[in-house]
>>> print(open('run_37.txt').read())   # compact mmCIF, C-alpha atoms
# COMPACT_ATOMS: atom_id res chain seq x y z
CA MET A 1 11.96 -29.67 13.62
CA THR A 2 11.36 -26.16 12.35
CA ARG A 3 14.46 -24.02 12.41
CA LEU A 4 14.19 -20.31 13.01
CA ARG A 5 16.13 -18.08 10.67
CA LEU A 6 16.51 -14.37 10.13
CA PRO A 7 14.09 -12.95 7.55
CA LYS A 8 15.48 -12.20 4.11
CA PRO A 9 15.56 -8.57 2.92
CA PHE A 10 12.72 -9.20 0.46
CA GLU A 11 10.56 -10.70 3.23
CA LEU A 12 11.25 -7.65 5.38
CA LEU A 13 10.28 -5.45 2.42
CA LEU A 14 6.96 -7.30 2.06
CA PHE A 15 6.28 -6.88 5.78
CA TRP A 16 7.18 -3.18 5.52
CA HIS A 17 4.76 -2.96 2.57
CA GLY A 18 2.04 -4.45 4.75
CA LEU A 19 2.76 -2.02 7.58
CA LEU A 20 2.57 0.91 5.15
CA ALA A 21 -0.60 -0.41 3.51
CA GLY A 22 -2.20 -0.83 6.94
CA SER A 23 -1.20 2.59 8.24
CA TYR A 24 -2.30 4.23 4.96
CA THR A 25 -5.69 2.49 5.04
CA ILE A 26 -6.31 3.42 8.67
CA ALA A 27 -5.16 7.01 8.10
CA TYR A 28 -7.50 7.31 5.12
CA ILE A 29 -10.50 5.83 6.91
CA THR A 30 -10.03 7.91 10.08
CA ALA A 31 -9.31 11.20 8.30
CA GLU A 32 -12.77 12.64 8.91
CA GLY A 33 -13.96 11.35 12.25
CA ALA A 34 -11.12 10.08 14.46
CA HIS A 35 -8.34 12.62 14.72
CA GLY A 36 -6.23 10.76 17.28
CA LEU A 37 -6.20 7.55 15.26
CA HIS A 38 -5.51 9.51 12.07
CA GLN A 39 -2.47 11.09 13.73
CA PHE A 40 -1.25 7.73 15.04
CA ALA A 41 -1.58 6.03 11.65
CA GLY A 42 -0.17 9.07 9.85
CA TYR A 43 2.94 9.30 12.03
CA THR A 44 3.41 5.53 11.65
CA ALA A 45 3.34 6.01 7.87
CA VAL A 46 5.82 8.90 8.14
CA ALA A 47 8.21 6.72 10.13
CA LEU A 48 7.84 3.83 7.67
CA LEU A 49 8.47 6.12 4.70
CA ALA A 50 11.52 7.58 6.43
CA VAL A 51 12.90 4.06 6.96
CA ARG A 52 12.18 3.17 3.30
CA LEU A 53 13.89 6.29 1.96
CA LEU A 54 16.90 5.85 4.22
CA VAL A 55 17.40 2.15 3.44
CA GLY A 56 16.64 2.68 -0.26
CA TRP A 57 19.21 5.44 -0.41
CA ARG A 58 21.77 3.25 1.41
CA ALA A 59 20.99 0.34 -0.95
CA ALA A 60 22.25 2.47 -3.86
CA GLY A 61 20.35 0.65 -6.59
CA ARG A 62 21.08 -2.92 -5.44
CA GLY A 63 19.06 -5.47 -3.55
CA ALA A 64 15.42 -5.80 -2.55
CA TRP A 65 15.25 -2.39 -0.83
CA ALA A 66 16.58 -0.40 -3.79
CA PHE A 67 14.09 2.10 -5.18
CA PRO A 68 11.85 0.43 -7.79
CA VAL A 69 13.21 2.22 -10.84
CA PRO A 70 12.38 0.31 -14.06
CA ARG A 71 15.58 -0.06 -16.07
CA ALA A 72 15.92 0.91 -19.73
CA ALA A 73 16.70 -2.68 -20.70
CA GLN A 74 13.41 -3.84 -19.14
CA TRP A 75 11.48 -1.28 -21.20
CA ARG A 76 13.31 -2.24 -24.40
CA THR A 77 12.60 -5.94 -23.92
CA PHE A 78 8.98 -5.28 -22.98
CA ALA A 79 8.34 -2.88 -25.88
CA GLY A 80 10.13 -5.17 -28.35
CA LYS A 81 8.01 -8.18 -27.44
CA LEU A 82 4.83 -6.13 -27.43
CA ALA A 83 5.66 -4.63 -30.85
CA SER A 84 6.17 -8.10 -32.28
CA GLY A 85 2.66 -9.07 -31.18
CA ASN A 86 3.73 -11.20 -28.23
CA LEU A 87 0.94 -10.45 -25.75
CA HIS A 88 2.29 -13.08 -23.35
CA VAL A 89 4.65 -10.37 -22.15
CA LEU A 90 1.68 -8.85 -20.28
CA ARG A 91 1.55 -11.96 -18.09
CA GLY A 92 3.72 -11.79 -15.01
CA ARG A 93 5.69 -8.72 -14.02
CA THR A 94 5.84 -5.76 -16.41
CA PRO A 95 8.00 -2.61 -16.04
CA PHE A 96 4.80 -0.73 -15.19
CA ALA A 97 4.75 -2.46 -11.77
CA PRO A 98 7.95 -0.88 -10.40
CA LEU A 99 7.07 2.41 -12.12
CA SER A 100 3.69 2.55 -10.39
CA GLY A 101 5.40 1.70 -7.10
CA LEU A 102 7.87 4.53 -7.55
CA VAL A 103 5.15 7.06 -8.43
CA LEU A 104 3.08 5.91 -5.45
CA LEU A 105 6.07 6.10 -3.11
CA SER A 106 6.79 9.66 -4.29
CA LEU A 107 3.15 10.67 -3.88
CA LEU A 108 3.00 9.18 -0.38
CA VAL A 109 6.08 11.18 0.59
CA VAL A 110 4.20 14.33 -0.54
CA VAL A 111 1.13 13.21 1.45
CA ALA A 112 3.31 12.57 4.52
CA VAL A 113 5.10 15.93 4.33
CA THR A 114 1.86 17.87 3.81
CA GLY A 115 0.33 15.85 6.66
CA LEU A 116 3.11 17.04 8.94
CA LEU A 117 2.52 20.61 7.76
CA ALA A 118 -1.20 20.19 8.45
CA ASP A 119 -0.52 18.91 11.95
CA TRP A 120 2.11 21.47 12.87
CA PHE A 121 0.85 24.59 11.09
CA GLY A 122 -2.81 23.81 10.37
CA ALA A 123 -2.30 23.73 6.58
CA GLU A 124 -4.97 21.07 6.06
CA ASP A 125 -5.98 22.24 2.57
CA LEU A 126 -2.47 21.45 1.42
CA HIS A 127 -2.82 17.88 2.71
CA GLU A 128 -6.26 16.97 1.38
CA GLY A 129 -5.49 17.19 -2.34
CA PRO A 130 -2.49 14.83 -2.40
CA ALA A 131 -4.24 12.52 0.09
CA GLU A 132 -7.27 12.13 -2.18
CA ALA A 133 -5.08 11.72 -5.27
CA SER A 134 -3.06 9.03 -3.51
CA LEU A 135 -6.12 6.75 -3.29
CA ALA A 136 -6.48 6.80 -7.09
CA MET A 137 -2.77 6.02 -7.41
CA VAL A 138 -3.12 3.13 -4.95
CA ALA A 139 -5.92 1.73 -7.14
CA VAL A 140 -3.74 2.06 -10.25
CA HIS A 141 -0.80 0.40 -8.46
CA VAL A 142 -2.94 -2.52 -7.23
CA ALA A 143 -4.43 -2.97 -10.71
CA ILE A 144 -1.04 -2.98 -12.44
CA VAL A 145 0.64 -5.26 -9.90
CA GLY A 146 -2.34 -7.63 -9.81
CA LEU A 147 -3.05 -7.78 -13.55
CA GLY A 148 0.12 -9.57 -14.62
CA PRO A 149 -0.09 -12.47 -12.12
CA ALA A 150 -3.86 -12.72 -12.71
CA LEU A 151 -3.35 -13.10 -16.46
CA LYS A 152 -0.60 -15.63 -15.81
CA ARG A 153 -2.84 -17.69 -13.54
CA TRP A 154 -6.21 -17.42 -15.26
CA GLY A 155 -5.30 -16.22 -18.74
CA PRO A 156 -4.73 -19.71 -20.22
CA ALA A 157 -7.92 -21.03 -18.61
CA LEU A 158 -9.93 -18.15 -20.04
CA ALA A 159 -8.37 -18.54 -23.46
CA ARG A 160 -9.08 -22.30 -23.53
CA PRO A 161 -12.54 -23.25 -24.79
CA SER A 162 -14.50 -25.00 -22.07
CA ALA A 163 -15.22 -28.73 -22.35
CA ARG A 164 -18.92 -28.03 -22.74
CA SER A 165 -18.49 -25.63 -25.66
CA ALA A 166 -16.08 -28.13 -27.25
CA ARG A 167 -18.74 -30.85 -27.00
CA GLU A 168 -21.38 -28.57 -28.47
CA ALA A 169 -19.17 -27.67 -31.41
CA MET B 1 5.53 -17.35 -3.62
CA PHE B 2 2.40 -15.27 -4.10
CA LYS B 3 0.79 -16.84 -1.04
CA LYS B 4 3.84 -16.15 1.10
CA ALA B 5 4.01 -12.54 -0.11
CA PHE B 6 0.29 -12.11 0.57
CA HIS B 7 0.69 -13.48 4.10
CA LEU B 8 3.62 -11.18 4.88
CA VAL B 9 1.71 -8.13 3.64
CA LEU B 10 -1.38 -9.24 5.55
CA ALA B 11 0.73 -9.67 8.70
CA GLY B 12 1.93 -6.08 8.35
CA ILE B 13 -1.60 -4.76 7.91
CA LEU B 14 -2.83 -6.71 10.94
CA ALA B 15 0.14 -5.51 13.03
CA VAL B 16 -0.68 -1.85 12.32
CA GLY B 17 -4.37 -2.51 12.92
CA ALA B 18 -3.62 -4.09 16.30
CA ALA B 19 -1.23 -1.28 17.24
CA THR B 20 -3.81 1.36 16.32
CA LEU B 21 -6.52 -0.46 18.26
CA ALA B 22 -4.23 -0.65 21.31
CA TYR B 23 -3.27 3.03 21.02
CA GLY B 24 -6.88 4.13 20.60
CA THR B 25 -8.09 1.96 23.47
CA PHE B 26 -5.46 2.86 26.05
CA PHE B 27 -4.27 6.33 25.06
CA ASP B 28 -7.06 7.94 23.06
CA GLN B 29 -10.83 7.54 23.38
CA GLY B 30 -11.40 3.97 24.51
CA LEU B 31 -12.31 0.75 22.77
CA ALA B 32 -15.77 1.65 21.49
CA ALA B 33 -14.73 4.97 19.96
CA THR B 34 -11.60 3.38 18.48
CA ALA B 35 -13.55 0.54 16.92
CA ALA B 36 -16.01 3.05 15.51
CA GLY B 37 -13.14 5.17 14.16
CA LEU B 38 -11.50 2.17 12.52
CA VAL B 39 -14.64 1.36 10.56
CA GLY B 40 -14.99 4.97 9.46
CA ALA B 41 -17.74 5.91 11.90
CA GLY B 42 -15.66 8.19 14.13
CA ASP B 43 -17.48 11.04 15.86
CA ASP B 44 -14.80 13.61 16.68
CA GLU B 45 -16.64 16.56 15.17
CA HIS B 46 -19.83 15.71 17.07
CA GLU B 47 -17.98 15.65 20.40
CA GLU B 48 -16.20 18.90 19.60
CA GLY B 49 -19.63 20.40 19.00
CA HIS B 50 -20.69 19.37 22.50
CA ASP B 51 -17.63 21.03 23.99
CA ASP B 52 -18.80 24.34 22.60
CA ASP B 53 -22.21 24.07 24.30
>>> encode(input="run_37.txt", output="structure tokens")
Amino acid sequence: MTRLRLPKPFELLLFWHGLLAGSYTIAYITAEGAHGLHQFAGYTAVALLAVRLLVGWRAAGRGAWAFPVPRAAQWRTFAGKLASGNLHVLRGRTPFAPLSGLVLLSLLVVVAVTGLLADWFGAEDLHEGPAEASLAMVAVHVAIVGLGPALKRWGPALARPSARSAREA
Amino acid sequence: MFKKAFHLVLAGILAVGAATLAYGTFFDQGLAATAAGLVGAGDDEHEEGHDDD
């Protein structure tokens, strides 16, 4: 029998991440042609960011909801291994992942605040620049977060010579 | 772990998508216009143009 349990903080964070990703995507897509939906998705994103900032501030550097600040020790370990030629350090999670998350979170707060200014005071020019820049940052964040696990999963297979080329050799 | 994380994120995206679809259908411009808006084919500016006529 399956037992129900309360979700763990990290699971809630992943779900929050999905809610934010969904509201951001919808807000971006509807920016030009569907004002009502853009407002709905935008205000949803504002609420989600407010929750994240509040809980992250309350978490005070501990737990899953703490702000993703890469620690100095992580950088030292990462740089040390990389300097010694150990490229395996690029597989899995690097300190660039939390750094890109932090930069993206900060940029989305700017997008959200300027979005509110655009809605309340008509300052749309102020909102467009950060909104467009945020898409590039999303792409960078996805690339950084996805690269490590992708190398971990497919890196060894790519590095291994295929059976056919081994036979031919 | 990756699959579970992916499913949780996907659930969040779908939840917001469903909420936006419900909002657009019942409180904004109806199902057809909402569906069009969600695929990036919204026509707000065109309708505003008609209002001016």
>>> residues_around(input="run_37.txt", residues="segment 34-48 of chain A", least_positions_apart="3", cutoff="9 Å", atoms="only C-alpha atoms", output="NGL selection string")
(:A and (16 or 19-31 or 51-53 or 108-109 or 112-113 or 115-116 or 119)) or (:B and (16 or 20-21 or 23-24 or 28-29 or 33-34 or 36-38 or 40-45))
>>> closest_residue(input="run_37.txt", among="A:Gly146, A:Gly122, A:Gly80, A:Pro130", to="chain B", atoms="all atoms listed in the file")
A:Gly146
>>> closest_residue(input="run_37.txt", among="A:Leu135, A:Ala79, A:Leu12, A:Ala66", to="chain B", atoms="all atoms listed in the file")
A:Leu12
>>> atom_distance(input="run_37.txt", atom1="atom CA of Pro68 of chain A", atom2="atom CA of Ala11 of chain B")
22.3 Å
>>> atom_distance(input="run_37.txt", atom1="atom CA of Thr114 of chain A", atom2="atom CA of Leu126 of chain A")
6.1 Å
>>> residues_around(input="run_37.txt", residues="Ala143 of chain A", least_positions_apart="6", cutoff="10 Å", atoms="only C-alpha atoms", output="JSON, numbers by chain")
{"A": [97, 100, 137, 150]}
>>> atom_distance(input="run_37.txt", atom1="atom CA of Pro9 of chain A", atom2="atom CA of Leu54 of chain A")
14.5 Å
>>> closest_residue(input="run_37.txt", among="A:Val140, A:Leu13, A:Leu6, A:Leu117", to="chain B", atoms="all atoms listed in the file")
A:Leu13
>>> closest_residue(input="run_37.txt", among="A:Leu102, A:Arg58, A:Gly92, A:Trp75", to="chain B", atoms="all atoms listed in the file")
A:Gly92
>>> closest_residue(input="run_37.txt", among="A:Gly18, A:Pro98, A:Pro70, A:Gly56", to="chain B", atoms="all atoms listed in the file")
A:Gly18
>>> closest_residue(input="run_37.txt", among="A:Phe15, A:Ala139, A:Thr94, A:Arg5", to="Phe6 of chain B", atoms="all atoms listed in the file")
A:Phe15
>>> decode(input="run_37.txt", residues="segment 28-80 of chain A", atoms="C-alpha atoms", output="tab-separated table (two decimals), in the first residue's frame")
chain	number	residue	atom	x	y	z
A	28	TYR	CA	7.27	35.55	-22.41
A	29	ILE	CA	5.10	33.97	-25.10
A	30	THR	CA	2.07	36.19	-24.39
A	31	ALA	CA	4.01	39.45	-24.06
A	32	GLU	CA	3.05	40.72	-27.51
A	33	GLY	CA	-0.44	39.48	-28.24
A	34	ALA	CA	-2.35	38.45	-25.10
A	35	HIS	CA	-2.20	41.15	-22.45
A	36	GLY	CA	-4.56	39.49	-19.96
A	37	LEU	CA	-2.64	36.22	-19.98
A	38	HIS	CA	0.66	38.10	-19.77
A	39	GLN	CA	-0.59	39.90	-16.66
A	40	PHE	CA	-1.84	36.66	-15.10
A	41	ALA	CA	1.43	34.82	-15.72
A	42	GLY	CA	3.47	37.87	-14.70
A	43	TYR	CA	1.67	38.35	-11.38
A	44	THR	CA	2.00	34.60	-10.74
A	45	ALA	CA	5.76	34.94	-11.27
A	46	VAL	CA	5.86	37.97	-8.95
A	47	ALA	CA	4.10	35.99	-6.22
A	48	LEU	CA	6.41	32.99	-6.71
A	49	LEU	CA	9.51	35.21	-6.55
A	50	ALA	CA	8.19	36.89	-3.41
A	51	VAL	CA	7.71	33.47	-1.78
A	52	ARG	CA	11.23	32.42	-2.86
A	53	LEU	CA	12.86	35.58	-1.50
A	54	LEU	CA	10.95	35.37	1.77
A	55	VAL	CA	11.67	31.69	2.40
A	56	GLY	CA	15.28	32.04	1.18
A	57	TRP	CA	15.80	34.93	3.56
A	58	ARG	CA	14.23	32.95	6.43
A	59	ALA	CA	16.40	29.92	5.56
A	60	ALA	CA	19.50	32.01	6.35
A	61	GLY	CA	21.93	29.99	4.26
A	62	ARG	CA	20.77	26.51	5.32
A	63	GLY	CA	18.58	23.92	3.68
A	64	ALA	CA	17.16	23.44	0.20
A	65	TRP	CA	15.53	26.88	0.03
A	66	ALA	CA	18.69	28.83	0.90
A	67	PHE	CA	19.85	31.14	-1.87
A	68	PRO	CA	22.13	29.27	-4.29
A	69	VAL	CA	25.37	31.02	-3.40
A	70	PRO	CA	28.41	28.95	-4.48
A	71	ARG	CA	30.77	28.68	-1.51
A	72	ALA	CA	34.47	29.54	-1.65
A	73	ALA	CA	35.42	25.97	-0.78
A	74	GLN	CA	33.46	24.68	-3.80
A	75	TRP	CA	35.35	27.06	-6.09
A	76	ARG	CA	38.71	26.09	-4.60
A	77	THR	CA	38.04	22.37	-5.03
A	78	PHE	CA	36.71	22.87	-8.54
A	79	ALA	CA	39.59	25.13	-9.65
A	80	GLY	CA	42.18	22.85	-8.03
